[in-house]
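Text of the file run_11.txt, holding compact mmCIF, C-alpha atoms:
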# COMPACT_ATOMS: atom_id res chain seq x y z
CA MET A 24 98.38 78.41 -40.75
CA SER A 25 95.26 80.09 -39.47
CA ALA A 26 92.55 77.47 -39.83
CA ALA A 27 91.93 74.30 -37.86
CA TRP A 28 91.52 71.97 -40.85
CA GLY A 29 88.88 70.16 -38.81
CA ARG A 30 91.49 69.16 -36.24
CA ASP A 31 91.11 68.88 -32.49
CA GLN A 32 92.42 72.07 -30.94
CA LEU A 33 94.26 71.66 -27.67
CA GLY A 34 94.47 74.06 -24.79
CA GLU A 35 97.82 74.70 -23.16
CA ASP A 36 97.48 72.17 -20.32
CA GLU A 37 96.54 69.24 -22.51
CA ALA A 38 99.23 70.17 -25.05
CA ALA A 39 101.83 70.34 -22.26
CA ALA A 40 100.91 66.88 -20.94
CA LEU A 41 101.08 65.35 -24.40
CA ALA A 42 104.38 67.16 -25.10
CA CYS A 43 105.82 65.49 -21.98
CA LEU A 44 104.64 62.12 -23.25
CA ALA A 45 106.21 62.78 -26.67
CA ALA A 46 109.49 63.82 -24.99
CA ARG A 47 109.60 60.50 -23.11
CA VAL A 48 108.89 58.55 -26.33
CA ARG A 49 111.70 60.53 -28.05
CA GLU A 50 114.10 59.41 -25.29
CA LEU A 51 112.86 55.84 -25.67
CA ALA A 52 113.51 55.98 -29.42
CA GLU A 53 117.12 57.03 -28.84
CA ALA A 54 117.58 54.37 -26.15
CA ALA A 55 116.17 51.73 -28.53
CA LEU A 56 118.63 52.76 -31.24
CA LEU A 57 121.63 52.58 -28.91
CA THR A 58 120.72 49.74 -26.60
CA GLY A 59 123.09 46.83 -26.24
CA ILE A 60 120.76 44.61 -24.23
CA GLY A 61 120.37 41.11 -25.57
CA ALA A 62 117.69 39.85 -27.95
CA ALA A 63 115.59 38.24 -25.19
CA GLU A 64 115.43 41.39 -23.05
CA ALA A 65 114.74 43.46 -26.18
CA ALA A 66 111.75 41.24 -26.93
CA THR A 67 110.43 41.66 -23.39
CA VAL A 68 110.71 45.43 -23.55
CA ALA A 69 109.08 45.38 -27.02
CA ASP A 70 106.06 43.59 -25.50
CA GLU A 71 105.75 46.22 -22.81
CA VAL A 72 105.97 48.98 -25.42
CA ARG A 73 103.10 47.28 -27.25
CA SER A 74 100.99 47.39 -24.08
CA LEU A 75 101.60 51.11 -23.67
CA THR A 76 100.63 51.68 -27.30
CA ALA A 77 97.35 49.88 -26.62
CA ARG A 78 96.70 52.15 -23.64
CA LEU A 79 97.27 55.26 -25.73
CA GLU A 80 95.03 53.91 -28.48
CA THR A 81 92.00 53.57 -26.24
CA GLU A 82 91.30 57.13 -27.37
CA ARG A 83 92.72 57.74 -30.84
CA ARG A 84 92.24 60.87 -32.95
CA ASP A 85 91.92 60.57 -36.72
CA ASP A 86 94.61 63.22 -37.27
CA PRO A 87 97.28 65.07 -35.29
CA PRO A 88 95.81 67.88 -33.17
CA PHE A 89 96.53 71.58 -33.52
CA ALA A 90 97.10 74.17 -30.83
CA ALA A 91 94.14 76.39 -30.01
CA PRO A 92 94.56 79.87 -31.53
CA SER A 93 96.58 82.29 -29.42
CA ALA A 94 98.24 85.63 -30.08
CA ASP A 95 101.80 84.46 -29.38
CA ARG A 96 101.77 81.27 -31.44
CA VAL A 97 102.53 81.39 -35.17
CA ASP A 98 102.93 77.64 -35.64
CA ARG A 99 99.92 75.72 -34.41
CA GLN A 100 100.89 72.42 -35.95
CA LEU A 101 101.77 70.45 -32.82
CA GLY A 102 102.42 67.32 -34.87
CA SER A 103 105.06 68.73 -37.23
CA PRO A 104 107.96 66.30 -37.72
CA VAL A 105 110.33 69.26 -37.37
CA SER A 106 108.89 71.65 -34.80
CA GLY A 107 106.01 69.73 -33.26
CA HIS A 108 106.31 69.10 -29.55
CA LEU A 109 103.68 66.37 -29.78
CA ASN A 110 105.66 64.48 -32.41
CA PRO A 111 108.29 62.12 -30.94
CA LEU A 112 110.11 62.16 -34.30
CA ALA A 113 110.72 65.92 -34.19
CA PRO A 114 114.02 67.08 -32.60
CA PRO A 115 111.95 69.39 -31.95
CA VAL A 116 113.18 72.67 -33.44
CA ASP A 117 111.62 75.72 -31.76
CA LEU A 118 111.29 78.40 -34.41
CA GLU A 119 110.66 82.02 -33.50
CA VAL A 120 109.78 84.87 -35.84
CA THR A 121 111.22 88.29 -35.08
CA ALA A 122 109.35 91.52 -35.75
CA ASP A 123 111.29 91.97 -39.00
CA GLY A 124 110.31 88.51 -40.26
CA ILE A 125 113.48 86.58 -39.47
CA VAL A 126 112.86 82.98 -38.43
CA ARG A 127 115.38 81.63 -35.97
CA GLY A 128 115.80 78.48 -33.93
CA GLU A 129 118.49 76.68 -31.96
CA PHE A 130 118.45 72.89 -31.96
CA THR A 131 120.60 69.85 -31.37
CA LEU A 132 120.54 66.62 -33.36
CA GLY A 133 121.27 63.35 -31.61
CA PRO A 134 122.20 59.92 -33.03
CA LEU A 135 118.66 59.35 -34.34
CA TYR A 136 119.44 61.93 -37.05
CA GLU A 137 122.77 60.54 -38.20
CA GLY A 138 123.65 60.27 -41.89
CA PRO A 139 127.40 60.04 -42.59
CA PRO A 140 128.95 58.61 -39.41
CA SER A 141 129.07 61.33 -36.71
CA TYR A 142 127.28 63.91 -38.87
CA ALA A 143 123.66 64.87 -39.48
CA HIS A 144 121.79 63.22 -42.35
CA GLY A 145 121.66 65.62 -45.30
CA GLY A 146 117.92 65.02 -45.53
CA VAL A 147 117.40 66.02 -41.90
CA SER A 148 119.08 69.37 -42.57
CA ALA A 149 116.81 69.71 -45.61
CA MET A 150 113.75 69.03 -43.46
CA VAL A 151 114.71 71.64 -40.86
CA LEU A 152 115.42 74.22 -43.57
CA ASP A 153 112.17 73.48 -45.42
CA GLN A 154 110.27 74.14 -42.21
CA ALA A 155 112.18 77.34 -41.36
CA LEU A 156 111.92 78.79 -44.87
CA GLY A 157 108.23 77.85 -44.99
CA MET A 158 107.64 79.72 -41.77
CA ALA A 159 109.49 82.75 -43.17
CA ALA A 160 107.13 82.60 -46.15
CA LEU A 161 104.14 82.33 -43.82
CA ALA A 162 105.37 85.39 -41.91
CA THR A 163 104.89 87.49 -45.06
CA GLY A 164 101.16 86.75 -44.87
CA THR A 165 101.30 84.52 -47.94
CA PRO A 166 101.23 80.94 -46.68
CA GLY A 167 102.33 78.46 -49.31
CA MET A 168 103.43 74.96 -50.10
CA THR A 169 107.04 74.25 -51.11
CA ALA A 170 107.36 74.45 -54.92
CA ASN A 171 111.12 74.11 -55.03
CA LEU A 172 113.95 73.82 -52.54
CA GLU A 173 117.67 74.03 -53.29
CA LEU A 174 120.25 72.96 -50.77
CA ARG A 175 123.99 73.53 -50.85
CA TYR A 176 125.99 71.51 -48.34
CA ARG A 177 129.10 73.53 -47.50
CA ARG A 178 130.52 71.25 -44.83
CA PRO A 179 129.26 68.41 -42.60
CA THR A 180 126.69 69.35 -39.95
CA PRO A 181 127.85 68.00 -36.58
CA LEU A 182 125.67 66.02 -34.20
CA ALA A 183 125.32 66.70 -30.46
CA VAL A 184 126.16 70.41 -30.58
CA PRO A 185 123.82 73.43 -30.67
CA LEU A 186 123.01 74.39 -34.25
CA LEU A 187 121.34 77.58 -35.42
CA VAL A 188 118.83 77.72 -38.26
CA GLU A 189 117.87 81.11 -39.69
CA ALA A 190 115.58 82.00 -42.57
CA LYS A 191 114.02 85.05 -44.18
CA ALA A 192 111.69 85.75 -47.08
CA SER A 193 113.33 87.91 -49.73
CA HIS A 194 110.28 88.91 -51.79
CA VAL A 195 106.70 88.10 -52.74
CA GLU A 196 105.45 87.94 -56.33
CA GLY A 197 101.70 87.36 -56.41
CA ARG A 198 101.14 83.92 -54.92
CA LYS A 199 104.88 83.13 -54.85
CA VAL A 200 107.19 83.77 -51.91
CA PHE A 201 110.97 83.43 -52.17
CA ALA A 202 112.99 82.65 -49.05
CA SER A 203 116.48 81.65 -48.06
CA GLY A 204 118.22 80.38 -44.96
CA THR A 205 121.13 78.60 -43.37
CA ILE A 206 122.15 76.13 -40.70
CA ALA A 207 125.27 77.16 -38.78
CA ALA A 208 127.55 75.23 -36.43
CA PRO A 209 128.55 76.58 -32.98
CA ASP A 210 131.66 78.23 -34.50
CA GLY A 211 129.33 80.32 -36.67
CA ARG A 212 130.32 78.63 -39.92
CA VAL A 213 127.45 77.82 -42.25
CA THR A 214 127.06 74.10 -42.92
CA VAL A 215 124.03 74.17 -45.24
CA GLU A 216 122.46 76.96 -47.33
CA ALA A 217 118.95 76.80 -48.76
CA THR A 218 116.75 78.80 -51.09
CA ALA A 219 113.13 78.00 -51.79
CA MET A 220 110.01 79.16 -53.53
CA PHE A 221 106.63 78.63 -51.92
CA VAL A 222 103.35 78.92 -53.80
CA MET A 223 100.04 79.75 -52.18
CA PRO A 224 97.36 77.34 -53.45
CA GLN A 225 94.74 79.07 -55.62
CA ARG A 226 92.06 78.04 -53.13
CA PHE A 227 93.66 80.26 -50.47
CA VAL A 228 93.42 83.27 -52.77
CA THR A 229 89.78 82.81 -53.66
CA SER A 230 88.92 82.51 -49.97
CA ARG A 231 90.81 85.75 -49.21
CA TYR A 232 93.95 84.12 -47.80
CA ARG A 233 91.97 82.04 -45.33
CA PRO A 234 92.78 78.36 -45.84
CA ALA A 235 89.79 76.10 -46.41
CA GLU A 236 88.75 73.83 -43.57
CA ASN A 237 89.21 70.48 -45.22
CA GLY A 238 92.62 70.58 -46.84
CA PRO A 239 95.37 72.75 -48.18
CA GLY A 240 94.12 72.69 -51.73
CA THR A 241 96.45 71.77 -54.53
CA PRO A 242 99.27 73.92 -55.80
CA PRO A 243 99.03 75.03 -59.41
CA MET B 13 129.64 52.35 -47.02
CA SER B 14 132.21 49.58 -46.64
CA ALA B 15 133.93 50.26 -43.33
CA ALA B 16 132.67 49.85 -39.80
CA TRP B 17 133.65 53.32 -38.52
CA GLY B 18 134.45 51.65 -35.21
CA ARG B 19 130.80 50.67 -34.76
CA ASP B 20 129.36 47.54 -33.23
CA GLN B 21 128.48 45.16 -36.04
CA LEU B 22 125.35 43.12 -35.50
CA GLY B 23 124.58 39.64 -36.74
CA GLU B 24 121.18 38.95 -38.27
CA ASP B 25 119.49 37.61 -35.12
CA GLU B 26 120.44 40.53 -32.92
CA ALA B 27 119.54 43.00 -35.67
CA ALA B 28 116.14 41.34 -36.11
CA ALA B 29 115.35 41.52 -32.39
CA LEU B 30 116.29 45.19 -32.24
CA ALA B 31 114.34 45.89 -35.44
CA CYS B 32 111.25 44.45 -33.73
CA LEU B 33 111.84 46.71 -30.74
CA ALA B 34 112.21 49.74 -33.05
CA ALA B 35 108.99 48.80 -34.86
CA ARG B 36 107.10 48.75 -31.54
CA VAL B 37 108.56 52.17 -30.57
CA ARG B 38 107.52 53.50 -34.00
CA GLU B 39 103.93 52.39 -33.30
CA LEU B 40 104.13 53.98 -29.85
CA ALA B 41 105.29 57.26 -31.41
CA GLU B 42 102.26 57.34 -33.71
CA ALA B 43 99.92 56.41 -30.86
CA ALA B 44 101.41 59.21 -28.73
CA LEU B 45 100.83 61.74 -31.52
CA LEU B 46 97.20 60.73 -31.99
CA THR B 47 96.13 59.80 -28.48
CA GLY B 48 93.14 61.50 -26.97
CA ILE B 49 93.59 60.15 -23.44
CA GLY B 50 93.51 62.77 -20.73
CA ALA B 51 96.47 64.57 -19.21
CA ALA B 52 96.56 62.37 -16.09
CA GLU B 53 96.65 59.09 -18.01
CA ALA B 54 99.23 60.59 -20.41
CA ALA B 55 101.46 61.38 -17.42
CA THR B 56 101.11 57.82 -16.12
CA VAL B 57 102.04 56.31 -19.47
CA ALA B 58 104.94 58.78 -19.76
CA ASP B 59 106.31 57.47 -16.46
CA GLU B 60 106.15 53.91 -17.72
CA VAL B 61 107.91 54.91 -20.93
CA ARG B 62 110.66 56.39 -18.78
CA SER B 63 111.07 53.06 -16.96
CA LEU B 64 111.44 51.21 -20.26
CA THR B 65 114.06 53.73 -21.40
CA ALA B 66 116.02 53.04 -18.22
CA ARG B 67 115.90 49.29 -18.94
CA LEU B 68 117.24 49.81 -22.46
CA GLU B 69 119.95 52.10 -21.14
CA THR B 70 121.45 49.49 -18.81
CA GLU B 71 123.57 48.63 -21.87
CA ARG B 72 124.06 51.69 -24.07
CA ARG B 73 126.30 51.89 -27.14
CA ASP B 74 128.16 55.12 -27.88
CA ASP B 75 126.90 55.16 -31.48
CA PRO B 76 124.28 53.41 -33.62
CA PRO B 77 125.39 49.92 -34.69
CA PHE B 78 125.99 48.73 -38.24
CA ALA B 79 125.06 45.44 -39.85
CA ALA B 80 127.85 42.90 -40.16
CA PRO B 81 129.17 42.71 -43.73
CA SER B 82 127.19 40.42 -46.02
CA ALA B 83 127.05 39.91 -49.76
CA ASP B 84 123.40 40.90 -50.16
CA ARG B 85 123.42 44.06 -48.08
CA VAL B 86 124.44 47.38 -49.65
CA ASP B 87 123.23 49.60 -46.82
CA ARG B 88 124.71 48.55 -43.49
CA GLN B 89 123.61 51.66 -41.60
CA LEU B 90 120.90 50.15 -39.39
CA GLY B 91 120.37 53.51 -37.67
CA SER B 92 119.58 55.60 -40.74
CA PRO B 93 116.63 57.96 -40.14
CA VAL B 94 115.32 57.00 -43.59
CA SER B 95 116.09 53.34 -44.17
CA GLY B 96 117.30 52.07 -40.79
CA HIS B 97 115.19 49.32 -39.28
CA LEU B 98 116.77 50.01 -35.88
CA ASN B 99 115.70 53.66 -35.96
CA PRO B 100 112.14 54.25 -34.71
CA LEU B 101 112.12 57.59 -36.58
CA ALA B 102 112.61 55.96 -39.99
CA PRO B 103 109.44 55.02 -41.94
CA PRO B 104 111.60 52.83 -42.76
CA VAL B 105 112.15 52.96 -46.52
CA ASP B 106 113.59 49.69 -47.89
CA LEU B 107 115.81 50.61 -50.81
CA GLU B 108 116.99 48.02 -53.29
CA VAL B 109 119.57 48.44 -56.01
CA THR B 110 118.98 46.65 -59.31
CA ALA B 111 121.80 45.19 -61.40
CA ASP B 112 121.74 48.28 -63.63
CA GLY B 113 122.14 50.64 -60.68
CA ILE B 114 118.55 51.77 -60.21
CA VAL B 115 117.58 52.36 -56.59
CA ARG B 116 113.94 51.62 -55.83
CA GLY B 117 111.78 51.46 -52.73
CA GLU B 118 108.11 51.40 -51.81
CA PHE B 119 107.08 53.11 -48.61
CA THR B 120 104.12 54.62 -46.82
CA LEU B 121 104.13 57.75 -44.69
CA GLY B 122 101.79 57.99 -41.71
CA PRO B 123 100.65 61.00 -39.66
CA LEU B 124 104.08 61.35 -38.02
CA TYR B 125 105.37 62.69 -41.36
CA GLU B 126 102.65 65.25 -42.03
CA GLY B 127 103.46 68.73 -43.32
CA PRO B 128 100.51 70.51 -44.99
CA PRO B 129 97.38 68.94 -43.51
CA SER B 130 96.85 65.45 -45.01
CA TYR B 131 100.07 65.57 -47.08
CA ALA B 132 103.69 64.60 -46.45
CA HIS B 133 106.07 67.24 -45.11
CA GLY B 134 108.20 68.57 -47.97
CA GLY B 135 111.29 67.97 -45.88
CA VAL B 136 110.41 64.32 -45.37
CA SER B 137 110.24 63.84 -49.15
CA ALA B 138 113.62 65.59 -49.35
CA MET B 139 115.06 63.22 -46.77
CA VAL B 140 113.84 60.11 -48.61
CA LEU B 141 115.18 61.41 -51.92
CA ASP B 142 118.55 62.38 -50.41
CA GLN B 143 118.91 58.82 -49.14
CA ALA B 144 117.84 57.20 -52.44
CA LEU B 145 120.04 59.42 -54.61
CA GLY B 146 122.95 58.90 -52.22
CA MET B 147 122.54 55.16 -52.54
CA ALA B 148 122.47 55.49 -56.33
CA ALA B 149 125.76 57.39 -56.08
CA LEU B 150 127.19 54.69 -53.81
CA ALA B 151 126.17 52.05 -56.35
CA THR B 152 128.58 53.61 -58.86
CA GLY B 153 131.46 52.71 -56.53
CA THR B 154 132.05 56.35 -55.65
CA PRO B 155 130.51 56.91 -52.21
CA GLY B 156 130.04 60.56 -51.43
CA MET B 157 128.47 63.15 -49.20
CA THR B 158 125.65 65.35 -50.51
CA ALA B 159 127.12 68.55 -51.99
CA ASN B 160 123.88 69.88 -53.40
CA LEU B 161 120.29 68.74 -53.66
CA GLU B 162 117.53 70.35 -55.72
CA LEU B 163 113.92 69.45 -55.20
CA ARG B 164 110.93 70.34 -57.36
CA TYR B 165 107.55 69.71 -55.79
CA ARG B 166 105.12 68.96 -58.60
CA ARG B 167 102.06 68.16 -56.51
CA PRO B 168 101.33 67.23 -52.88
CA THR B 169 102.61 63.83 -51.71
CA PRO B 170 99.74 61.93 -50.07
CA LEU B 171 99.97 60.20 -46.70
CA ALA B 172 98.78 56.65 -45.98
CA VAL B 173 99.19 55.29 -49.51
CA PRO B 174 102.09 53.33 -51.04
CA LEU B 175 104.64 55.66 -52.59
CA LEU B 176 107.49 54.71 -54.89
CA VAL B 177 110.93 56.33 -54.75
CA GLU B 178 113.35 55.71 -57.61
CA ALA B 179 116.83 57.07 -58.23
CA LYS B 180 119.74 56.59 -60.60
CA ALA B 181 123.20 58.05 -61.03
CA SER B 182 123.63 59.76 -64.39
CA HIS B 183 127.41 60.16 -64.50
CA VAL B 184 130.64 60.31 -62.50
CA GLU B 185 133.26 63.06 -62.91
CA GLY B 186 136.31 62.29 -60.79
CA ARG B 187 135.13 62.46 -57.18
CA LYS B 188 131.70 63.84 -58.17
CA VAL B 189 128.61 61.74 -58.83
CA PHE B 190 125.41 63.18 -60.31
CA ALA B 191 122.09 61.49 -59.60
CA SER B 192 118.39 62.11 -60.02
CA GLY B 193 115.19 60.57 -58.78
CA THR B 194 111.49 60.90 -58.08
CA ILE B 195 108.74 60.05 -55.65
CA ALA B 196 105.52 58.86 -57.31
CA ALA B 197 101.98 58.42 -55.99
CA PRO B 198 100.00 55.19 -56.51
CA ASP B 199 98.52 56.60 -59.74
CA GLY B 200 102.06 56.81 -61.13
CA ARG B 201 102.16 60.60 -61.14
CA VAL B 202 105.41 62.11 -59.90
CA THR B 203 104.97 64.26 -56.80
CA VAL B 204 108.60 65.31 -56.21
CA GLU B 205 111.66 65.36 -58.49
CA ALA B 206 115.23 65.63 -57.24
CA THR B 207 118.70 66.04 -58.65
CA ALA B 208 121.86 65.97 -56.59
CA MET B 209 125.61 66.01 -56.71
CA PHE B 210 127.60 63.91 -54.27
CA VAL B 211 131.31 64.42 -53.63
CA MET B 212 133.63 61.74 -52.35
CA PRO B 213 135.77 63.15 -49.52
CA GLN B 214 139.45 63.45 -50.46
CA ARG B 215 140.35 61.07 -47.67
CA PHE B 216 138.46 58.26 -49.41
CA VAL B 217 140.53 58.78 -52.55
CA THR B 218 143.89 58.71 -50.83
CA SER B 219 142.91 55.49 -49.05
CA ARG B 220 141.94 53.89 -52.37
CA TYR B 221 138.19 54.36 -51.97
CA ARG B 222 138.16 52.68 -48.55
CA PRO B 223 136.65 55.04 -46.00
CA ALA B 224 138.79 55.73 -42.94
CA GLU B 225 137.72 54.09 -39.70
CA ASN B 226 137.08 57.15 -37.60
CA GLY B 227 134.98 59.41 -39.71
CA PRO B 228 133.89 60.29 -43.20
CA GLY B 229 136.49 62.99 -43.62
CA THR B 230 135.44 66.43 -44.72
CA PRO B 231 134.21 67.26 -48.18
CA PRO B 232 136.30 69.73 -50.16
Can I see the file as structure tokens?
Amino acid sequence: MSAAWGRDQLGEDEAAALACLAARVRELAEAALLTGIGAAEAATVADEVRSLTARLETERRDDPPFAAPSADRVDRQLGSPVSGHLNPLAPPVDLEVTADGIVRGEFTLGPLYEGPPSYAHGGVSAMVLDQALGMAALATGTPGMTANLELRYRRPTPLAVPLLVEAKASHVEGRKVFASGTIAAPDGRVTVEATAMFVMPQRFVTSRYRPAENGPGTPP
Amino acid sequence: MSAAWGRDQLGEDEAAALACLAARVRELAEAALLTGIGAAEAATVADEVRSLTARLETERRDDPPFAAPSADRVDRQLGSPVSGHLNPLAPPVDLEVTADGIVRGEFTLGPLYEGPPSYAHGGVSAMVLDQALGMAALATGTPGMTANLELRYRRPTPLAVPLLVEAKASHVEGRKVFASGTIAAPDGRVTVEATAMFVMPQRFVTSRYRPAENGPGTPP
């Protein structure tokens, strides 16, 4: 993602302060899910949460901000629900791209991401893999939107342990990029496999691979 | 899901109070993502969020609670990241099952769920569809874990408008259930199509379709 899409672009200090805020809200979300305090105390805390929301909304952006361009940052989307440090919903998964185009990230899923009791929600694994495979596609220089995504669940993905997601693009055909990846448990066994095809919107091509400012265009 | 998995089971009043708390935290999460307050004020609010977390944690459950059994509730998993009203990460998507087994839900995705600028993250659509198709499988009487999930993205899924998810099981083969579904935009056009196979863990079969108390077992 190389354009700003008209978004506010944050420097490192402001991004770090807002990432701290998001981390605290993430902890609050987990505490809210697990709390056993009574209904009356829950209502009192809810009122105080509402007051904090009002304080944050005294200055409200129209859209999530991006990171200012920098050489060492591939993913500038600070609000991503998977990897965005400014998004309290994101685990967040830190994805790195190696020199040979392999995307890799270690992450842990807590109770907020539970599907079958004591395991990760299948859709959460899908979300993490979509993001990792999409970044592998981006690393080829052909950014695209997901056209299809196939997931094979080999075994349950455990919560509360370090998981590893890895992805790599296999080949590019015109505006299409094919990628595959896995999530693995700490014992190295793969829990979920994914393959995907990403398609670069026509608009990106006509503007010489530079995304337009006002939107991602529409896939064919 | 018919067993309690050893979870706390909440009555309607307690669940409603905690759902209100989760709704306030959900609003806070969006406000945190979009806030333009300065770094100093963000740090102050972050400290206050931490205090509220500590208050909630004075009574902390080991795992997310379930709803107490009731005739009109299919989905008792109050902590689901898709449909759980006690989970601040969930949109939440309210899924209903019709008498003929069709699962249906209307929902709206805000900026917390953004993938490509101004559109829903492909993984978020995957998560919603996994949940809806899984509930369609459950409605056949054969609860299962996702074995595979295939998603075809037909066009971008817009944010901030009412979306409709629908799913239905097509057939059951032993412990396998096949289901399909879609997400549609307000104009009725399908944005994402999904098909999936769910497999009932062997343990469910040997206990006459009643899930064991301590876990979902492992899929074959």
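Distances from A:Ala113, A:Val72, A:Val184, A:Glu53 to His133 of chain B were compared using only C-alpha atoms, and the smallest one belongs to A:Ala113.
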Nearest to chain B by atom-to-atom distance, counting all atoms listed in the file, from A:Pro88, A:Pro209, A:Pro185, A:Pro224: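 Of A:Pro88, A:Pro209, A:Pro185, A:Pro224, the one nearest chain B, counting all atoms listed in the file, is A:Pro88.
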Local residues around (119.7, 75.0, -41.7), at most 10 Å away, using all atoms listed in the file, as number ranges by chain: A: 127-129, 147-156, 174, 176, 180, 186-190, 203-208, 213-217
From the list A:Pro139, A:Gly145, A:Pro87, A:Gly164, which residue is nearest Arg177 of chain A when using all atoms listed in the file? A:Gly145
For Thr169 of chain A, list every protein, DNA or RNA residue within 8 Å, evaluated using only C-alpha atoms, and leave out those in the same chain fewer than 2 positions away; present the list as an MDAnalysis selection string. (chainID A and resid 153 157 167 171:172 219:222) or (chainID B and resid 134 165)
Could you take the residues named above and write them with C-alpha atoms, as a CSV table (one decimal), keeping the file's coordinate frame?
chain,number,residue,atom,x,y,z
A,153,ASP,CA,112.2,73.5,-45.4
A,157,GLY,CA,108.2,77.8,-45.0
A,167,GLY,CA,102.3,78.5,-49.3
A,171,ASN,CA,111.1,74.1,-55.0
A,172,LEU,CA,114.0,73.8,-52.5
A,219,ALA,CA,113.1,78.0,-51.8
A,220,MET,CA,110.0,79.2,-53.5
A,221,PHE,CA,106.6,78.6,-51.9
A,222,VAL,CA,103.4,78.9,-53.8
B,134,GLY,CA,108.2,68.6,-48.0
B,165,TYR,CA,107.6,69.7,-55.8
Need the shell around segment 26-33 of chain B: protein/DNA/RNA residues with any atom at most 12 Å away, counting only C-alpha atoms. Skip same-chain ones fewer than 4 positions apart. Format as a VMD selection string? (chain A and resid 51 to 73) or (chain B and resid 20 to 22 37 to 40 64 to 65 68 76 to 80 88 to 91 95 to 102 104)
Skip Lys191 of chain A itself and residues of its chain fewer than 6 positions away, then list as a PyMOL selection string all residues within 6 Å of it, counting only C-alpha atoms. chain A and resi 125+159+202-203
Hey, what's within 9 Å of Thr154 of chain B if we count all atoms listed in the file and toss same-chain stuff fewer than 3 positions away? As an NGL selection string, please? :B and (149-151 or 184 or 186-189 or 210-212 or 221)
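The interatomic distance for the pair atom CA of Glu162 of chain B and atom CA of Glu173 of chain A works out to 4.4 Å.
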I'd like the interatomic distance between atom CA of Ala170 of chain A and atom CA of Arg164 of chain B, to a tenth of an Å. 6.0 Å
Proximity to Arg201 of chain B - best of B:Arg167, B:Glu185, B:Tyr125, B:Ser92, all atoms listed in the file: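 Using all atoms listed in the file, the shortest distance to Arg201 of chain B belongs to B:Arg167.
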